[in-house]
Amino acid sequence: MPERPTITLGPLLFNWSADQWSDFYARIADEAPVDRVCLGEVVCSKRMPFYVDRIPDTIERLHRGGKEVILSSLALVTLKRERQMCADLAASGELEIEVNDLTMLAHLPKGRPFSISPLINVYNEGTLVHLAKRGATRLCLPPELPMPSIETLARAAASSGVVPEVWAFGRVPLAISGRCYHARVHGLAKDNCQFVCGKDPDGLKVETLDGEEFLTINGVQTLSFTHCNLLGDLGRLRAAGITSFRISPHSGDMVGVADLFRRVLDGDLEDSEATARLAAMMPEVIFANGFLAGACGADFVPSRRSSPADIRAS
């Protein structure tokens, strides 16, 4: 029998209040059909103190809910205190760590398993094999890869004993910078940002001079304006050897999103019906899968309709 595909809930990229953060993960723990959850601050180390004291209880609740917990490292390490954060994370216990900046590897002893996040540029088999030899056991591929590249890397992952994962839902992370765009747009300095990014729970949209919705800013991070949605592509991704799928937290009904992905992956719901339900659930969201199709990343390219039998056979 084919291996049952798994679902990963990626780390929260946005600046939510501590209460909203706790409530979100409590619901994920109790209701969401996901297999693992990534916890931790990826985008801005200044956000961490607001919820760091809640992480132990959240880990315990997620474990009670049957979820595996992965601790996520910072994506751009530039300060001494951030290097210390990485060292402390590496020494924090037995939970697996997802690496978002390769400097994190300096703190992980050789032989300790770790995951590689989609923020690491793994574009070829050589990089994948090198990371596998260093201890990587799971690798979420960069979301901008087209299908032929995913097929090639999935084969390399299988040969190296690495679980291949793809970014399947959510605004796509495109870049991260030492400068804070959110602070600047509000006339503030990064060191005195007043945490204005918290005003935009799914990021602040950026428009072109012609008024076209273009990108989204999230503190020091740039994301797509559109939401990646690969519900219609799960069958061919499974056929390519992908065994894990990542959904990224947003302020909408993430339990509902996870349920749709789970039902399509289990062959209990047609992808066309799931896509229609997702569109009704998030009517303000524009979906895209252009990167996978080898087109403009913001485009949505209709896929061949997959039936539940197609998913089961993959």
# chains A, B, ... in the order shown; residues from 1 in each chain; ligands from 1

$ closest_atom_pairs --of "segment 60-156 of chain A" --to "segment 169-180 of chain A" --cutoff "10 Å" --atoms "only C-alpha atoms" --output "CSV"
residue,atom,partner,partner_atom,distance
A:Ala75,CA,A:Ile176,CA,7.9
A:Leu76,CA,A:Ile176,CA,7.3
A:Val77,CA,A:Gly178,CA,9.4
A:Thr78,CA,A:Gly178,CA,8.0
A:Pro118,CA,A:Pro173,CA,8.5
A:Leu119,CA,A:Pro173,CA,7.5
A:Pro142,CA,A:Pro173,CA,9.1
A:Pro143,CA,A:Val172,CA,6.8
A:Glu144,CA,A:Val172,CA,8.4

$ residues_around --residues "Glu82 of chain A" --least-positions-apart "6" --cutoff "10 Å" --atoms "only C-alpha atoms" --output "number ranges by chain"
A: 44-46, 73-74, 76, 88

$ residues_around --residues "Asp259 of chain A" --least-positions-apart "2" --cutoff "12 Å" --atoms "only C-alpha atoms" --output "number ranges by chain"
A: 7, 28, 31-35, 231, 247, 253-257, 261-266, 268-269, 274, 277-278

$ residues_around --residues "Ser149 of chain A" --least-positions-apart "5" --cutoff "12 Å" --atoms "only C-alpha atoms" --output "list in words"
Val122, Tyr123, Asn124, Glu125, Leu141, Pro142, Pro143, Glu144, Ala154, Arg155, Ala156, Val166, Leu237, Ala240, Phe291, Leu292, Ala293 and Gly294 of chain A

$ write_last_selection --atoms "N, CA and C atoms" --output "compact mmCIF listing (two decimals), in the first residue's frame"
# COMPACT_ATOMS: atom_id res chain seq x y z
N VAL A 122 17.13 24.90 -1.73
CA VAL A 122 17.52 23.56 -2.20
C VAL A 122 16.98 23.40 -3.62
N TYR A 123 17.84 23.67 -4.60
CA TYR A 123 17.43 23.67 -5.99
C TYR A 123 18.00 22.51 -6.80
N ASN A 124 18.88 21.71 -6.19
CA ASN A 124 19.49 20.62 -6.96
C ASN A 124 19.78 19.43 -6.05
N GLU A 125 20.06 18.30 -6.69
CA GLU A 125 20.27 17.06 -5.96
C GLU A 125 21.50 17.13 -5.07
N LEU A 141 10.48 21.67 0.14
CA LEU A 141 11.10 22.28 -1.03
C LEU A 141 10.69 23.74 -1.17
N PRO A 142 11.55 24.58 -1.75
CA PRO A 142 11.18 25.98 -1.99
C PRO A 142 9.91 26.07 -2.82
N PRO A 143 9.00 26.95 -2.47
CA PRO A 143 7.68 26.98 -3.15
C PRO A 143 7.72 27.48 -4.58
N GLU A 144 8.86 28.03 -5.02
CA GLU A 144 8.91 28.55 -6.39
C GLU A 144 9.34 27.51 -7.41
N ALA A 154 12.37 14.95 -5.61
CA ALA A 154 11.67 13.89 -4.88
C ALA A 154 12.38 12.56 -5.05
N ARG A 155 12.89 12.29 -6.24
CA ARG A 155 13.65 11.05 -6.46
C ARG A 155 14.94 11.06 -5.65
N ALA A 156 15.61 12.21 -5.63
CA ALA A 156 16.85 12.31 -4.85
C ALA A 156 16.57 12.16 -3.36
N VAL A 166 6.11 19.64 0.11
CA VAL A 166 5.90 20.83 -0.71
C VAL A 166 4.99 21.81 0.02
N LEU A 237 1.38 15.39 -7.58
CA LEU A 237 2.49 15.51 -6.62
C LEU A 237 2.72 14.19 -5.89
N ALA A 240 4.51 11.96 -8.11
CA ALA A 240 5.92 12.34 -8.24
C ALA A 240 6.76 11.90 -7.05
N PHE A 291 3.79 28.83 -9.89
CA PHE A 291 5.16 28.32 -9.77
C PHE A 291 5.23 26.84 -10.16
N LEU A 292 4.30 26.06 -9.63
CA LEU A 292 4.28 24.63 -9.91
C LEU A 292 4.11 24.37 -11.41
N ALA A 293 3.29 25.19 -12.04
CA ALA A 293 3.00 25.01 -13.46
C ALA A 293 4.10 25.55 -14.36
N GLY A 294 5.12 26.21 -13.76
CA GLY A 294 6.17 26.80 -14.57
C GLY A 294 5.74 28.09 -15.24

$ atom_distance --atom1 "atom CA of Leu105 of chain A" --atom2 "atom CA of Arg138 of chain A"
14.7 Å

$ residues_around --residues "Phe300 of chain A" --least-positions-apart "4" --cutoff "10 Å" --atoms "only C-alpha atoms" --output "ChimeraX atom specification"
/A:226,228-230,286-293,295-296

$ closest_residue --among "A:Ala136, A:Ala18, A:Leu145, A:Leu9" --to "Asn121 of chain A" --atoms "only C-alpha atoms"
A:Leu145

$ atom_distance --atom1 "atom CA of Thr208 of chain A" --atom2 "atom CA of His186 of chain A"
18.0 Å

$ select_by_dssp --residues "segment 90-229 of chain A" --states "strand (DSSP E)" --output "ChimeraX atom specification"
/A:96-99,114-116,136-140,163-176,204-207,213-218,221-229

$ closest_residue --among "A:Leu95, A:Leu139, A:Glu270, A:Arg27" --to "Pro56 of chain A" --atoms "only C-alpha atoms"
A:Leu95

$ select_by_dssp --residues "segment 103-191 of chain A" --states "alpha helix (DSSP H)" --output "number ranges by chain"
A: 125-134, 147-160, 181-185

$ closest_residue --among "A:Ser251, A:Ser115, A:Ser303, A:Thr152" --to "Asn15 of chain A" --atoms "only C-alpha atoms"
A:Ser251

$ closest_residue --among "A:Val196, A:Ala157, A:Met281, A:Leu260" --to "Lys133 of chain A" --atoms "only C-alpha atoms"
A:Ala157

$ atom_distance --atom1 "atom CA of His182 of chain A" --atom2 "atom CA of Leu102 of chain A"
25.5 Å

$ closest_residue --among "A:Gly111, A:Gly161, A:Gly203, A:Gly40" --to "Thr137 of chain A" --atoms "only C-alpha atoms"
A:Gly161

$ residues_around --residues "Gly10 of chain A" --least-positions-apart "6" --cutoff "7 Å" --atoms "only C-alpha atoms" --output "number ranges by chain"
A: 37-38, 246-249
